[in-house]
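J.: Starting off with a structure, shown below.
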Amino acid sequence: MDKTYDPSSIEQRRYKEWEDSGWFAPAGDGDPYTIMIPPPNVTGTLHMGHAFQDTIMDALIRYHRMLGRRTLWQPGMDHAGIATQMVVERQLNAKGVSRTDLGREAFLEKVWEWKGQSGGAIANQFRRLGVSMDWSRDCFTMDPELQDAVREAFVRLYDDGLIYRGKRLVNWDPVLHTALSDLEVLSEEEDGFLWHMRYPLADGDEHLVVATTRPETMLGDTAVAVHPEDERYAHLVGREVALPLTGRRIPVIADDYVDPEFGSGCVKITPAHDFNDYEIGQRHSLEQINIFTIDAAINDNAPEDYQGLTREDARKKVVADLEALGLMEKIEPHKLMVPRGDRSGKVVEPYLTDQWYVRASVLAKPAIEAVENGSIRFVPENWSKTYFEWMNNIEDWCISRQLWWGHRIPAWYDADGKAYVGNDEDDVRKRHSLGPDVVLTQDEDVLDTWFSSGLWPFSTLGWPGETQELKTYYPTSVLVTGFDIIFFWVARMVMMGIKFMDDVPFHTVYIHGLVRDHAGQKMSKAKGNVLDPLDLIDGIDLEALVEKRTSSMMQPHLKAGIEKATRKDFPDGIPAFGTDALRFSFLASATTGRDIRFDLHRVEGYRNFCNKLWNAARFVLMNTEDKAGDTGDMTYSLADRWITSALARTTRAVHEHVAEYRFDLAARALYEFTWNEFCDWYLELAKPVLTSEGDEHASDRRGTRKCLLRTLEALLRLLHPMMPYITEEIWQRVAPLAGVEGDTIMLQPFPADDDGTVDEAAEADIDWLKQFVLGVRQIRGEMDISPSRRLDVLLAGASDADRTRIADHGTYLASLARLDSVNFLGEGDVEPPAAAALLGDMRILVPMAGLIDPEAEINRLQRQLGKVQQDLKRSEGKLGNEKFVKNAPEAVVATERTRVEEGRAAVSQLEAQIERIRLLIPGE
RNA sequence: AGGCGCGUAGCUCAGUGGUAGAGCACUACCUUGACAUGGUAGUGGUCGGUGGUUCGAUCCCGCCCGCGCCUACCA
């Protein structure tokens with residue numbers, strides 16, 4: 001094995017073996033364990049969030065596969081209607097071609113081309129991450145089979161009266177020319193104005209004042225509303241206002257919606273361009289006057305002067321014209337929530353159009369119950385609140401989009417515009433007995449992407465066919481996803497799953513946090529702080545990183561800032577850390593209910609961890625590889641028994657943590673075992689045994705070699721779900737020596753939680769040894785005694801137990817504490833001047849003999865004494881408190897008593913020791 | 001406006017009703033035959049503030065301060 005761990009020489013080779021061998025497919029006859037991947041959009045490449053999420057899923061999948069479950073991880077990608085169409089459209093625009101130039105069919109060809117490219121890049125990224133998805137089942141939401149599923153779902157929902165078509169106010173994106181669902185609209189607070197405008201009464205010379213944030217919409221006003229109990233305006237209700245600029249007369253109405261405290265207490269009502277006003281309009285049968293074109297420019301329903309103006313220009317002109325007429329009372333600065341399309345970033349316009357809707361509240365009911373009754377469990381649990389909050393207030397879901405890329409709505413219209421729904425045109429004619437003379441045209445629109453995503457857990461398994469896969473793998477085991485799509489996706493899958501499969505789509509929803517940059521900022525292309533997971537795996541130099549972050553930007557003016565920040569944050573680019581280090585970083589950061597601040601230093605730390613494991617393996621191999629022929633009796637040493645016990649504890653902990661989705665704790669348990677127990681202590685303890693000479697130690701050597709191999713082999717299996725590559729690479733060499741057969745570690749059994757038993761006696765002995773060694777090291781470290789200098793130590797006050805331990809395990813001490821000799825001081829023996837460490841009642845003495853500065857030793861002992869005294873005081877204080885002794889549990893009181901006892905002994909030992917040394921200092 | 005979450009070492013984060021932990025960073029020493037991507041020893045915290053419950057609170061409860069996020073129709 002190479003001296004240094006080099007991931008690049010391992011990873012791609014290993015992945016190819018796994019994939020070529022077909023090991024990712026479900027196998028065996030264990031209980032099924034299934035995860036459906038949240039299909040990434042084919043809009044670009046995988047980002048850190050994907051890598052994080054996929055690592056979690058892969059760890060779960062590999063863990064359960066090793067436990068013998070029949071494990072399916074369903075891969076796939078999402079066509080992502082709006083997002084993908086925009087990407088391709090922008091590319092065309094860059095070449096001076098518009099979507100409409102090409103026409104629908106040719107445009108769709110371009111999108112499919114893009115899908116090929118982007119999908120290929122994503123598939124490559126997936127593989128580099130080491131994910132063990134069953135590629136043979138790879139799916140795309142626009143695959144013919146999935147299109148069938150989508151049509152089937154639409155038709156069934158329609159037949160059940162759960163889908164309807166209607167002209168309603170929708171969120172209209174005037175740039176993309178499509179309707180959006182409520183979820184696709186992001187509202188943010190922005191600075192604006194509140195314009196107070198005077199509306200004269202049609203008769204008489206009174207006027208009232210309305211306040212608005214959107215003065216241009218007054219061109220579509222069809223009423224002014226006041227609160228029914230507002231005495232100021234009671235006499236106006238039922239009268240008419242002469243709407244300025246338009247020459248129209250509109251009524252003054254009374255409606256509860258109006259807040260008399262706000263502004264003047266009068267509200268202009270524009271039913272065609274405001275959701276509240278729409279409702280009020282419905283209640284009062286008001287006319288709806290649409291004043292916008294699909295581009296949100298003023299249309300022919302407005303006075304001629306305004307026609308053709310953009311909404312921004314129209315606003316300016318309306319304001320100016322009202323001012324000229326003396327009808328502008330005042331203009332105040334005002335903060336308001338501005339709704340923008342999540343893709344286009346442009347202000348969304350409430351707009352009257354014909355759209356298709358799903359009656360969501362009907363589907364939501366059983367979906368709410370499923371979480372209430374525990375059929376579906378959120379991890380962490382508090383996300384169920386978010387889910388309930390939305391589901392209990394769910395609005396009908398607008399599912400039609402005026403796009404080209406997506407699932408075409410399976411509805412056909414006759415010449416009169418009557419809609420017929422069916423799987424295809426033939427089906428429609430058959431179902432509705434329409435003769436060939438009736439001309440049918442299919443709806444031009446496509447479905448919201450989330451409509452097909454909602455079917456994902458069963459459409460990927462062959463639904464609406466009654467396949468064996470559906471029977472076996474539905475419902476799935478767990479959904480791993482981010483909180484940002486609980487509404488978009490999780491809720492829809494639950495509704496659709498229960499509707500069509502009569503069962504929940506998954507039993508557990510594990511919600512992970514967001515991956516942010518080191519400063520806690522959300523990663524985004526516009527901020528220029530995104531990281532490509534591949535760049536952490538392979539490394540990237542600074543110039544390439546800057547280029548990557550600043551090229552193909554939508555807002556070129558941000559370029560300089562991004563470049564500057566990148567040069568500051570990554571002065572040396574990014575080193576190659578390898579997949580395993582990246583994966584381990586993700587898992588170790590996966591605490592519950594918390595976003596991740598992604599820190600490169602942490603990845604570096606886990607890269608070092610990989611190196612540590614690598615070298616530990618090298619040590620084991622180096623001591624066992626040429627010893628295969630050395631067979632015979634084996635005896636297991638104290639260290640062997642101890643590490644076996646520690647391994648059993650660690651194994652148990654890993655199982656517990658994974659069961660609770662606490663990957664951070666599982667990762668930490670493994671890290672600590674590997675580094676702090678296996679490497680720091682066990683390998684060191686093994687050395688004196690391995691280097692022992694003579695036949696009388698042959699069985700000890702064989703035992704330790706066996707234990708080294710056995711422990712390492714089990715450790716590799718424990719680590720494999722988290723770090724698949726390095727564990728496979730090492731395992732291939734270790735397994736044969738450990739007597740384990742198999743083609744790959746990924747199909748080996750995961751260590752069971754009852755493997756091995758905890759050996760408390762061995763643990764206590766090793767603990768004593770550690771204290772001994774640490775005591776000597778501390779003296780060495782603080783007294784500046786060279787590590788290379790071997791020491792002779794004396795033991796004072798040793799008990800019989802201490803003597804037994806020295807006799808049985810003394811050889812370890814010589815090696816670990818670098819001692820030449822260990823001797824006991826008898827009762828009457830003269831005690832030489834020495835530095836001392838306490839181990840219970842025993843004192844470990846390192847004679848000074850020029851090694852040690854008495855004053856420094858006194859200082860050191862006094863610091864220790866200070867601490868012991870402080871602790872003692874606290875314990876004595878507690879025991880002096882009657883209430884504590886009376887109320888605290890017996891065990892706690894007993895612990896305190898022991899502490900006092902030991903503390904007092906330590907204090908007197910330390911004081912005596914300080915006295916002894918003080919005598920050595922001349923003049924004292 | 002409502003809901004959720006966060007505040008622990010310089011940084012990133014675990015954690016527990018009973019003497020506060022890790023990694024990184026920092027200091028000193030060390031090329032000891034696995035590993036300098038390393039080893040050994042060490043420095044560093046009134047656990048955001050304030051009341052309460054308790055024998056005992058960093059942990060449970062109330063309030064306050066600061067910071068996020070999510071929902072919501074105040075023109």
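Identifiers in this document derive from the order of the structure tokens: chains are assigned A, B, ..., residues are numbered from 1 separately in each chain, and ligands are numbered from 1 in order of occurrence.
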Pick out the residues sitting within 7 Å of stretch 51-54 of chain A, and hand them over as a list in words; count only C-alpha atoms (C1' of nucleotides), and ignore anything fewer than 5 positions along from it in its own chain.
T.: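 In the requested format, the answer is Leu46, Val480, Thr481, Pro533 and Phe586 of chain A.
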J.: Could you write out that same residue set with all heavy atoms as a PDB file, in the first residue's frame?
T.:
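Written file, part.pdb:
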ATOM      1  N   LEU A  46     -25.395  19.085 -10.121  1.00  0.00           N
ATOM      2  CA  LEU A  46     -25.710  18.898  -8.711  1.00  0.00           C
ATOM      3  C   LEU A  46     -24.940  19.906  -7.872  1.00  0.00           C
ATOM      4  O   LEU A  46     -23.788  20.194  -8.132  1.00  0.00           O
ATOM      5  CB  LEU A  46     -25.331  17.481  -8.278  1.00  0.00           C
ATOM      6  CG  LEU A  46     -26.029  16.335  -9.002  1.00  0.00           C
ATOM      7  CD1 LEU A  46     -25.569  14.994  -8.426  1.00  0.00           C
ATOM      8  CD2 LEU A  46     -27.530  16.462  -8.898  1.00  0.00           C
ATOM      9  N   VAL A 480     -35.930  11.275   2.056  1.00  0.00           N
ATOM     10  CA  VAL A 480     -34.901  12.186   2.564  1.00  0.00           C
ATOM     11  C   VAL A 480     -34.976  13.466   1.745  1.00  0.00           C
ATOM     12  O   VAL A 480     -34.764  13.436   0.537  1.00  0.00           O
ATOM     13  CB  VAL A 480     -33.501  11.551   2.428  1.00  0.00           C
ATOM     14  CG1 VAL A 480     -32.426  12.547   2.864  1.00  0.00           C
ATOM     15  CG2 VAL A 480     -33.416  10.282   3.250  1.00  0.00           C
ATOM     16  N   THR A 481     -35.303  14.562   2.389  1.00  0.00           N
ATOM     17  CA  THR A 481     -35.467  15.787   1.609  1.00  0.00           C
ATOM     18  C   THR A 481     -35.309  17.028   2.468  1.00  0.00           C
ATOM     19  O   THR A 481     -35.176  16.949   3.680  1.00  0.00           O
ATOM     20  CB  THR A 481     -36.841  15.781   0.892  1.00  0.00           C
ATOM     21  OG1 THR A 481     -36.876  16.820  -0.076  1.00  0.00           O
ATOM     22  CG2 THR A 481     -37.969  15.989   1.880  1.00  0.00           C
ATOM     23  N   PRO A 533     -19.542  19.919  -5.841  1.00  0.00           N
ATOM     24  CA  PRO A 533     -18.988  18.812  -5.039  1.00  0.00           C
ATOM     25  C   PRO A 533     -17.763  18.180  -5.697  1.00  0.00           C
ATOM     26  O   PRO A 533     -16.836  17.767  -5.003  1.00  0.00           O
ATOM     27  CB  PRO A 533     -20.144  17.818  -4.975  1.00  0.00           C
ATOM     28  CG  PRO A 533     -21.371  18.558  -5.341  1.00  0.00           C
ATOM     29  CD  PRO A 533     -20.984  19.793  -6.073  1.00  0.00           C
ATOM     30  N   PHE A 586     -20.170  15.605   5.392  1.00  0.00           N
ATOM     31  CA  PHE A 586     -21.625  15.807   5.340  1.00  0.00           C
ATOM     32  C   PHE A 586     -22.312  15.071   6.480  1.00  0.00           C
ATOM     33  O   PHE A 586     -23.140  15.624   7.205  1.00  0.00           O
ATOM     34  CB  PHE A 586     -22.187  15.302   4.013  1.00  0.00           C
ATOM     35  CG  PHE A 586     -21.956  16.242   2.857  1.00  0.00           C
ATOM     36  CD1 PHE A 586     -21.521  15.749   1.630  1.00  0.00           C
ATOM     37  CD2 PHE A 586     -22.198  17.604   2.969  1.00  0.00           C
ATOM     38  CE1 PHE A 586     -21.326  16.595   0.550  1.00  0.00           C
ATOM     39  CE2 PHE A 586     -22.004  18.454   1.893  1.00  0.00           C
ATOM     40  CZ  PHE A 586     -21.566  17.945   0.685  1.00  0.00           C
TER      41      PHE A 586
END
J.: Would you list which chain B residues are within 10 Å of chain A using only C-alpha atoms (C1' of nucleotides), as a count of residues only?
T.: 33
J.: Atom CA of A:Ala296 and atom CA of A:Pro174 are how many Å apart?
T.: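 So the two atoms, atom CA of A:Ala296 and atom CA of A:Pro174, lie 5.8 Å apart.
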J.: Using only C-alpha atoms (C1' of nucleotides), which protein or nucleic acid residues come within 7 Å of stretch 21-25 of chain A? Drop anything in the same chain fewer than 4 positions from it, and give the result as a list in words.
T.: Glu17, Leu72, Ser132, Met133 and Asp134 of chain A
J.: Filtering to N, CA, C and O atoms, could you give me those residues as a compact mmCIF listing (two decimals), in the first residue's frame?
T.:
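Resulting contents of out26.txt:
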# COMPACT_ATOMS: atom_id res chain seq x y z
N GLU A 17 -16.23 -1.07 -10.79
CA GLU A 17 -16.39 -2.47 -10.40
C GLU A 17 -17.78 -2.73 -9.80
O GLU A 17 -18.45 -3.69 -10.15
N LEU A 72 -33.68 -1.20 -2.47
CA LEU A 72 -33.83 -0.50 -3.74
C LEU A 72 -33.65 1.00 -3.54
O LEU A 72 -34.34 1.61 -2.74
N SER A 132 -25.00 4.32 -4.48
CA SER A 132 -25.29 2.96 -4.95
C SER A 132 -26.74 2.83 -5.40
O SER A 132 -27.51 2.04 -4.86
N MET A 133 -27.10 3.64 -6.39
CA MET A 133 -28.46 3.58 -6.93
C MET A 133 -28.55 2.49 -7.97
O MET A 133 -27.57 2.19 -8.65
N ASP A 134 -29.73 1.94 -8.12
CA ASP A 134 -29.93 0.89 -9.12
C ASP A 134 -30.13 1.53 -10.49
O ASP A 134 -31.23 1.82 -10.92
J.: Just the number, please: distance in Å from atom CA of A:Lys471 to atom CA of A:Phe500, one decimal.
T.: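 About the pair atom CA of A:Lys471 and atom CA of A:Phe500: they are 13.6 Å apart.
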J.: Please return as a compact mmCIF listing (two decimals) with N, CA and C atoms, in the first residue's frame: the residues of stretch 191-420 of chain A that backbone DSSP assigns to alpha helix (DSSP H).
T.:
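Output below, filename result.txt:
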# COMPACT_ATOMS: atom_id res chain seq x y z
N PHE A 275 -56.23 39.92 -5.38
CA PHE A 275 -56.93 38.73 -4.87
C PHE A 275 -58.05 39.07 -3.89
N ASN A 276 -57.80 40.07 -3.04
CA ASN A 276 -58.85 40.46 -2.10
C ASN A 276 -60.00 41.12 -2.82
N ASP A 277 -59.64 42.00 -3.74
CA ASP A 277 -60.67 42.73 -4.47
C ASP A 277 -61.52 41.75 -5.29
N TYR A 278 -60.87 40.69 -5.75
CA TYR A 278 -61.59 39.67 -6.50
C TYR A 278 -62.69 39.07 -5.63
N GLU A 279 -62.30 38.74 -4.39
CA GLU A 279 -63.28 38.16 -3.46
C GLU A 279 -64.43 39.14 -3.20
N ILE A 280 -64.05 40.36 -2.97
CA ILE A 280 -65.08 41.37 -2.71
C ILE A 280 -65.99 41.52 -3.94
N GLY A 281 -65.35 41.51 -5.09
CA GLY A 281 -66.11 41.61 -6.34
C GLY A 281 -67.12 40.49 -6.47
N GLN A 282 -66.70 39.28 -6.07
CA GLN A 282 -67.61 38.14 -6.13
C GLN A 282 -68.80 38.37 -5.19
N ARG A 283 -68.49 38.86 -4.01
CA ARG A 283 -69.55 39.07 -3.02
C ARG A 283 -70.56 40.13 -3.47
N ARG A 311 -46.71 48.68 -17.20
CA ARG A 311 -47.35 49.00 -15.92
C ARG A 311 -46.58 50.08 -15.18
N GLU A 312 -45.25 50.10 -15.38
CA GLU A 312 -44.44 51.11 -14.70
C GLU A 312 -44.73 52.50 -15.28
N ASP A 313 -44.77 52.58 -16.60
CA ASP A 313 -45.05 53.87 -17.23
C ASP A 313 -46.48 54.32 -16.94
N ALA A 314 -47.37 53.35 -16.93
CA ALA A 314 -48.76 53.67 -16.65
C ALA A 314 -48.88 54.27 -15.26
N ARG A 315 -48.12 53.72 -14.34
CA ARG A 315 -48.16 54.24 -12.97
C ARG A 315 -47.74 55.70 -12.97
N LYS A 316 -46.61 55.98 -13.63
CA LYS A 316 -46.12 57.36 -13.66
C LYS A 316 -47.16 58.29 -14.25
N LYS A 317 -47.78 57.85 -15.33
CA LYS A 317 -48.72 58.72 -16.01
C LYS A 317 -49.99 58.94 -15.17
N VAL A 318 -50.47 57.88 -14.56
CA VAL A 318 -51.67 58.02 -13.72
C VAL A 318 -51.40 59.01 -12.60
N VAL A 319 -50.23 58.84 -11.95
CA VAL A 319 -49.89 59.73 -10.84
C VAL A 319 -49.80 61.17 -11.33
N ALA A 320 -49.10 61.36 -12.44
CA ALA A 320 -48.93 62.72 -12.98
C ALA A 320 -50.28 63.33 -13.35
N ASP A 321 -51.11 62.54 -13.97
CA ASP A 321 -52.41 63.05 -14.41
C ASP A 321 -53.30 63.41 -13.22
N LEU A 322 -53.24 62.58 -12.19
CA LEU A 322 -54.05 62.89 -11.01
C LEU A 322 -53.53 64.14 -10.32
N GLU A 323 -52.22 64.27 -10.28
CA GLU A 323 -51.65 65.47 -9.68
C GLU A 323 -52.08 66.70 -10.45
N ALA A 324 -52.07 66.58 -11.75
CA ALA A 324 -52.46 67.71 -12.59
C ALA A 324 -53.92 68.10 -12.33
N ALA A 360 -57.75 20.64 -3.76
CA ALA A 360 -56.73 20.11 -2.85
C ALA A 360 -57.31 19.71 -1.49
N SER A 361 -58.32 20.44 -1.03
CA SER A 361 -58.77 20.18 0.34
C SER A 361 -59.30 18.75 0.49
N VAL A 362 -59.90 18.22 -0.57
CA VAL A 362 -60.42 16.85 -0.50
C VAL A 362 -59.28 15.85 -0.34
N LEU A 363 -58.23 16.07 -1.13
CA LEU A 363 -57.08 15.16 -1.06
C LEU A 363 -56.30 15.35 0.23
N ALA A 364 -56.37 16.54 0.76
CA ALA A 364 -55.56 16.86 1.94
C ALA A 364 -56.05 16.13 3.19
N LYS A 365 -57.33 15.88 3.24
CA LYS A 365 -57.91 15.34 4.47
C LYS A 365 -57.23 14.03 4.91
N PRO A 366 -57.23 13.00 4.06
CA PRO A 366 -56.55 11.77 4.49
C PRO A 366 -55.04 11.96 4.64
N ALA A 367 -54.50 12.94 3.91
CA ALA A 367 -53.06 13.17 4.01
C ALA A 367 -52.70 13.76 5.37
N ILE A 368 -53.60 14.54 5.91
CA ILE A 368 -53.40 15.07 7.26
C ILE A 368 -53.50 13.94 8.27
N GLU A 369 -54.52 13.11 8.08
CA GLU A 369 -54.72 12.00 9.02
C GLU A 369 -53.51 11.06 9.05
N ALA A 370 -52.90 10.86 7.90
CA ALA A 370 -51.77 9.92 7.84
C ALA A 370 -50.65 10.35 8.77
N VAL A 371 -50.44 11.66 8.89
CA VAL A 371 -49.39 12.14 9.78
C VAL A 371 -49.89 12.14 11.22
N GLU A 372 -51.17 12.49 11.37
CA GLU A 372 -51.74 12.50 12.72
C GLU A 372 -51.70 11.12 13.36
N TRP A 383 -41.36 19.21 12.19
CA TRP A 383 -41.75 19.58 10.83
C TRP A 383 -43.19 19.19 10.53
N SER A 384 -43.72 18.29 11.33
CA SER A 384 -45.12 17.93 11.08
C SER A 384 -46.01 19.16 11.31
N LYS A 385 -45.58 20.05 12.18
CA LYS A 385 -46.35 21.28 12.40
C LYS A 385 -46.44 22.11 11.12
N THR A 386 -45.31 22.23 10.46
CA THR A 386 -45.27 22.98 9.21
C THR A 386 -46.21 22.34 8.20
N TYR A 387 -46.15 21.03 8.17
CA TYR A 387 -46.99 20.27 7.25
C TYR A 387 -48.48 20.51 7.56
N PHE A 388 -48.84 20.37 8.83
CA PHE A 388 -50.25 20.57 9.21
C PHE A 388 -50.70 21.99 8.90
N GLU A 389 -49.86 22.93 9.21
CA GLU A 389 -50.21 24.33 9.03
C GLU A 389 -50.64 24.60 7.59
N TRP A 390 -49.87 24.04 6.68
CA TRP A 390 -50.17 24.29 5.27
C TRP A 390 -51.38 23.47 4.81
N MET A 391 -51.37 22.21 5.22
CA MET A 391 -52.43 21.30 4.77
C MET A 391 -53.80 21.74 5.28
N ASN A 392 -53.84 22.27 6.47
CA ASN A 392 -55.12 22.70 7.03
C ASN A 392 -55.67 23.96 6.36
J.: Can you list every residue in stretch 183-342 of chain A that DSSP puts in strand (DSSP E or B), as a PyMOL selection string?
T.: chain A and resi 185-201+207-212+223-226+240-243+248-254+266-269+292+297-298+310+328-341
J.: Taking 5 positions as the minimum chain separation for residues in the same chain, which residues sit within 8 Å of stretch 399-406 of chain A when counting only C-alpha atoms (C1' of nucleotides)? Answer as a ChimeraX atom specification.
T.: /A:79-82,84-85,104,108,111,142,177-181,355-358,444-449,451
J.: Would you mind listing what lies within 10 Å of B:C26 as a list in words, with only C-alpha atoms (C1' of nucleotides) counted and same-chain residues fewer than 4 positions away left out?
T.: G10, U43 and G44 of chain B
J.: Need the shell around A:Asp256: protein/DNA/RNA residues with any atom at most 9 Å away, counting only C-alpha atoms (C1' of nucleotides). Skip same-chain ones fewer than 5 positions apart. Format as a ChimeraX atom specification?
T.: /A:226-229
